[in-house]
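> Sharing target07.csv below, CSV, C-alpha atoms:
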```
chain,number,residue,atom,x,y,z
A,1,MET,CA,154.4,98.9,76.7
A,2,PHE,CA,150.9,99.0,78.3
A,3,LYS,CA,150.0,102.5,77.0
A,4,ARG,CA,147.4,102.9,74.3
A,5,ARG,CA,148.8,103.3,70.8
A,6,ASP,CA,146.0,105.7,69.8
A,7,ARG,CA,146.1,108.4,72.4
A,8,ARG,CA,142.6,109.8,72.7
A,9,PRO,CA,142.2,113.6,72.9
A,10,LEU,CA,140.6,115.1,76.0
A,11,TRP,CA,137.3,115.9,74.3
A,12,ARG,CA,136.9,112.2,73.2
A,13,ILE,CA,137.6,111.0,76.8
A,14,VAL,CA,134.9,113.3,78.1
A,15,PHE,CA,132.5,112.3,75.4
A,16,GLU,CA,133.0,108.6,75.9
A,17,ALA,CA,132.5,109.1,79.6
A,18,MET,CA,129.1,110.6,78.8
A,19,TRP,CA,128.3,108.2,76.0
A,20,PRO,CA,130.4,105.0,75.8
A,21,ARG,CA,131.3,103.3,72.5
A,22,GLY,CA,128.2,101.4,71.3
A,23,GLY,CA,125.9,103.4,73.5
A,24,TRP,CA,124.6,102.8,77.0
A,25,GLY,CA,122.6,99.8,75.8
A,26,ARG,CA,125.8,97.9,74.9
A,27,ALA,CA,127.4,99.0,78.1
A,28,ALA,CA,124.4,97.6,80.1
A,29,VAL,CA,124.8,94.2,78.4
A,30,TYR,CA,128.5,94.2,79.1
A,31,ILE,CA,127.9,95.0,82.8
A,32,LYS,CA,125.2,92.3,83.0
A,33,HIS,CA,127.6,89.7,81.7
A,34,ARG,CA,130.3,90.8,84.2
A,35,VAL,CA,127.8,90.6,87.1
A,36,ASN,CA,126.6,87.1,86.1
A,37,ARG,CA,130.2,85.8,85.9
A,38,LEU,CA,131.3,87.0,89.4
A,39,PRO,CA,132.6,84.1,91.5
A,40,ASP,CA,130.3,84.6,94.4
A,41,PRO,CA,126.9,83.2,95.7
A,42,PRO,CA,123.9,84.9,94.1
A,43,ASP,CA,122.7,86.4,97.3
A,44,ARG,CA,126.0,88.2,97.9
A,45,ILE,CA,126.0,89.5,94.3
A,46,ALA,CA,122.4,90.7,94.7
A,47,ARG,CA,123.3,92.5,97.9
A,48,GLY,CA,126.1,94.2,96.1
A,49,ILE,CA,123.7,95.3,93.3
A,50,PHE,CA,121.4,96.7,96.0
A,51,ALA,CA,124.2,98.8,97.4
A,52,GLY,CA,125.2,100.1,94.0
A,53,VAL,CA,121.7,101.0,92.9
A,54,PHE,CA,120.9,102.7,96.2
A,55,THR,CA,124.1,104.8,96.0
A,56,THR,CA,123.0,106.3,92.7
A,57,PHE,CA,120.2,108.1,94.5
A,58,THR,CA,122.6,109.9,96.8
A,59,PRO,CA,124.0,113.4,95.9
A,60,PHE,CA,127.6,112.4,96.6
A,61,TYR,CA,128.8,112.5,93.0
A,62,GLY,CA,132.4,111.6,92.4
A,63,ILE,CA,132.6,109.2,95.4
A,64,HIS,CA,129.7,106.8,94.4
A,65,PHE,CA,132.2,104.0,94.1
A,66,PHE,CA,133.5,104.4,97.6
A,67,ILE,CA,130.0,104.7,99.1
A,68,ALA,CA,128.7,101.7,97.2
A,69,ALA,CA,131.7,99.6,98.3
A,70,GLY,CA,131.2,100.7,101.9
A,71,ILE,CA,127.5,99.8,101.9
A,72,ALA,CA,128.3,96.5,100.2
A,73,MET,CA,130.8,95.6,102.8
A,74,MET,CA,128.4,96.4,105.6
A,75,MET,CA,125.7,94.2,104.0
A,76,ARG,CA,128.3,91.5,103.2
A,77,GLY,CA,127.6,91.9,99.6
A,78,ASN,CA,129.9,91.6,96.6
A,79,VAL,CA,131.9,94.8,96.2
A,80,ILE,CA,132.6,94.4,92.5
A,81,ALA,CA,128.8,94.0,91.9
A,82,SER,CA,128.2,97.2,93.9
A,83,LEU,CA,130.7,99.1,91.7
A,84,LEU,CA,129.2,97.8,88.5
A,85,ALA,CA,125.6,98.6,89.7
A,86,THR,CA,126.5,102.3,90.2
A,87,PHE,CA,126.4,102.5,86.4
A,88,VAL,CA,122.6,102.6,86.8
A,89,GLY,CA,123.4,106.2,87.4
A,90,ASN,CA,124.5,107.7,84.1
A,91,PRO,CA,123.9,110.8,81.9
A,92,LEU,CA,120.6,109.2,80.8
A,93,THR,CA,119.2,108.6,84.3
A,94,TYR,CA,120.7,111.3,86.5
A,95,VAL,CA,118.1,113.9,85.6
A,96,PRO,CA,115.1,111.7,86.5
A,97,ILE,CA,116.9,110.4,89.6
A,98,GLY,CA,117.6,114.0,90.7
A,99,VAL,CA,114.1,115.2,90.0
A,100,ILE,CA,112.5,112.3,91.9
A,101,SER,CA,115.0,112.7,94.8
A,102,LEU,CA,114.5,116.5,95.1
A,103,THR,CA,110.7,116.3,94.8
A,104,THR,CA,110.6,113.6,97.5
A,105,GLY,CA,113.0,115.6,99.7
A,106,TYR,CA,110.9,118.8,99.4
A,107,TRP,CA,107.8,116.8,100.2
A,108,MET,CA,109.4,115.0,103.2
A,109,LEU,CA,110.9,118.2,104.7
A,110,GLY,CA,107.8,120.4,103.9
A,111,LEU,CA,109.9,122.8,101.9
A,112,GLU,CA,108.9,125.1,99.1
A,113,ASP,CA,111.2,126.4,96.3
A,114,ASP,CA,112.1,130.1,96.8
A,115,PRO,CA,111.9,131.9,93.4
A,116,GLU,CA,114.2,134.6,94.8
A,117,HIS,CA,117.1,132.2,94.9
A,118,GLY,CA,116.7,131.3,91.2
A,119,GLY,CA,116.3,128.0,89.5
A,120,LEU,CA,118.2,124.8,90.1
A,121,GLY,CA,120.8,125.5,87.4
A,122,GLU,CA,121.4,129.0,88.8
A,123,LYS,CA,121.9,127.6,92.3
A,124,PHE,CA,124.6,125.2,91.0
A,125,VAL,CA,126.4,128.1,89.2
A,126,MET,CA,126.2,130.5,92.1
A,127,ALA,CA,127.5,127.7,94.5
A,128,GLY,CA,130.3,127.0,92.2
A,129,ARG,CA,131.3,130.7,92.1
A,130,ASP,CA,131.2,130.9,95.9
A,131,LEU,CA,133.3,127.7,96.1
A,132,TRP,CA,136.0,129.1,93.7
A,133,GLY,CA,135.9,132.5,95.3
A,134,ASN,CA,136.4,131.1,98.8
A,135,PHE,CA,139.3,129.1,97.5
A,136,GLU,CA,140.9,132.2,96.1
A,137,ALA,CA,140.2,134.0,99.4
A,138,MET,CA,142.7,131.8,101.0
A,139,PHE,CA,145.5,133.4,99.0
A,140,ASN,CA,144.3,137.1,98.8
A,141,ASP,CA,142.7,139.7,101.0
A,142,THR,CA,139.0,139.1,99.9
A,143,GLU,CA,136.5,137.7,102.4
A,144,ALA,CA,134.9,134.3,101.9
A,145,ASN,CA,131.2,134.3,101.0
A,146,TRP,CA,129.1,131.3,102.0
A,147,SER,CA,125.6,132.7,101.1
A,148,ALA,CA,125.2,130.8,97.8
A,149,LEU,CA,126.7,127.6,99.2
A,150,SER,CA,124.3,127.9,102.2
A,151,ILE,CA,121.3,128.2,99.8
A,152,PHE,CA,122.6,125.3,97.7
A,153,TYR,CA,123.0,123.1,100.8
A,154,HIS,CA,119.5,123.8,102.2
A,155,GLU,CA,117.6,123.9,99.0
A,156,VAL,CA,119.4,121.3,96.8
A,157,PHE,CA,122.0,119.1,98.6
A,158,PHE,CA,120.1,118.3,101.8
A,159,PRO,CA,116.7,117.8,100.2
A,160,TYR,CA,118.3,115.6,97.6
A,161,MET,CA,120.1,113.5,100.3
A,162,ILE,CA,117.0,113.0,102.4
A,163,GLY,CA,114.6,112.6,99.4
A,164,GLY,CA,116.8,110.0,97.7
A,165,ILE,CA,116.4,107.5,100.6
A,166,ILE,CA,112.9,106.3,99.9
A,167,PRO,CA,113.2,106.0,96.0
A,168,GLY,CA,116.7,104.6,96.5
A,169,LEU,CA,115.5,101.9,98.8
A,170,ILE,CA,112.6,101.1,96.4
A,171,ALA,CA,114.8,100.9,93.3
A,172,ALA,CA,117.5,99.0,95.1
A,173,SER,CA,115.0,96.5,96.5
A,174,VAL,CA,113.5,95.9,93.0
A,175,ALA,CA,117.0,95.4,91.6
A,176,TYR,CA,117.8,92.9,94.4
A,177,TYR,CA,114.6,90.8,93.9
A,178,VAL,CA,114.9,90.9,90.1
A,179,SER,CA,118.6,90.1,90.0
A,180,LEU,CA,118.7,87.3,92.6
A,181,PRO,CA,116.7,84.7,90.6
A,182,LEU,CA,118.3,85.7,87.3
A,183,ILE,CA,121.8,85.3,88.7
A,184,THR,CA,120.8,82.0,90.4
A,185,ALA,CA,119.4,80.6,87.1
A,186,TYR,CA,122.5,81.8,85.2
A,187,GLN,CA,124.9,80.2,87.7
A,188,ASN,CA,122.9,76.9,87.8
A,189,ARG,CA,122.9,76.8,84.0
A,190,ARG,CA,126.6,77.5,83.9
A,191,LYS,CA,127.3,74.7,86.4
A,192,GLY,CA,125.2,72.3,84.4
A,193,LEU,CA,127.1,73.1,81.2
A,194,ILE,CA,130.4,72.7,83.0
A,195,GLN,CA,129.3,69.3,84.4
A,196,GLU,CA,128.1,68.2,80.9
A,197,ARG,CA,131.5,69.1,79.4
A,198,LEU,CA,133.3,67.2,82.2
A,199,ALA,CA,131.1,64.2,81.6
A,200,MET,CA,131.9,64.3,77.9
A,201,ILE,CA,135.6,64.6,78.5
A,202,LYS,CA,135.5,61.6,80.9
A,203,LYS,CA,133.4,59.6,78.4
A,204,LYS,CA,135.9,60.3,75.6
A,205,ARG,CA,138.8,59.4,77.8
A,206,ALA,CA,137.1,56.2,78.8
A,207,GLU,CA,136.3,55.3,75.2
A,208,GLY,CA,139.9,56.1,74.2
A,209,GLY,CA,141.3,53.9,77.0
A,210,GLY,CA,139.0,51.1,76.0
A,211,GLY,CA,140.0,51.3,72.4
A,212,ALA,CA,143.7,51.1,73.3
A,213,GLU,CA,143.1,47.9,75.0
```
Can you give me the file's structure in the form of structure tokens?

Amino acid sequence: MFKRRDRRPLWRIVFEAMWPRGGWGRAAVYIKHRVNRLPDPPDRIARGIFAGVFTTFTPFYGIHFFIAAGIAMMMRGNVIASLLATFVGNPLTYVPIGVISLTTGYWMLGLEDDPEHGGLGEKFVMAGRDLWGNFEAMFNDTEANWSALSIFYHEVFFPYMIGGIIPGLIAASVAYYVSLPLITAYQNRRKGLIQERLAMIKKKRAEGGGGAE
């Protein structure tokens, strides 16, 4: 009853996850309207946005929703707003976010890239091979190898995690201070429109009652 009539093939599901229908611009407009209509005070919604934007600068891909929700709850922010704000991290922004976070992390930790360990893409590939090989090692006689995963942790994951803190806080703070007055203005305007409609309804009822007399 509730299933889609047009079942999408796997390739289309993956493609639309990378590039939604109408593009990311339309998706951004939709998210903005959803955030504005959340039934919560503007400061709580803005704190949720702060949590979501900050989370996009962390390397914990796949669990950003959970991290954003946890941070929002600690900040007493709106959890739904934090989940929506994680869409700041998308296929169009993850590359610059990653570059900024890694560059900042290398600078903060005083690290230098070791050319012997290959480029960033190669480190991802080698770590993936180690991870799969170690999984298979649990079911056969081969020995687990952690060398590529160790390199990935020390030269990618940890610098990314540390380096994402400063730009994450900056981006999240900007998002908070920009969204707070916008959401406040939107909610005030919406309240004004609702009050005008109620006043018109009362006026029509009063006029209708007077005419009946």
> Between A:Ala68, A:Ile151, A:Phe57, A:Gly163, single out the one closest to Tyr106 (chain A), counting all atoms listed in the file.
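The shortest atom-to-atom distance to Tyr106 (chain A) comes from A:Gly163.
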> Quick one: of A:Gly133, A:Phe139, A:Val125, A:Gly118, who's nearest to Glu155 (chain A), counting all atoms listed in the file?
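Looking at the shortest contact to Glu155 (chain A), the residue is A:Gly118.
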> So, with only C-alpha atoms as the atoms that count, which of A:Ala127, A:Leu92, A:Ile49, A:Val99 lies closest to Met75 (chain A)?
A:Ile49
> Have a look at A:Met73, A:Gln187, A:Ala171, A:Leu111 and name the one nearest to Pro41 (chain A); count all atoms listed in the file.
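Using all atoms listed in the file, Pro41 (chain A) sits closest to A:Gln187.
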> So the first atom is CA of Ser173 (chain A) and the second is CA of Leu83 (chain A); what is the distance between them in Å, to one decimal place?
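A separation of 16.6 Å between them.
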> Out of A:Gly89, A:Tyr153, A:Pro159, A:Ile100, which residue has the shortest atom-to-atom distance to Thr56 (chain A) when counting only C-alpha atoms?
A:Gly89
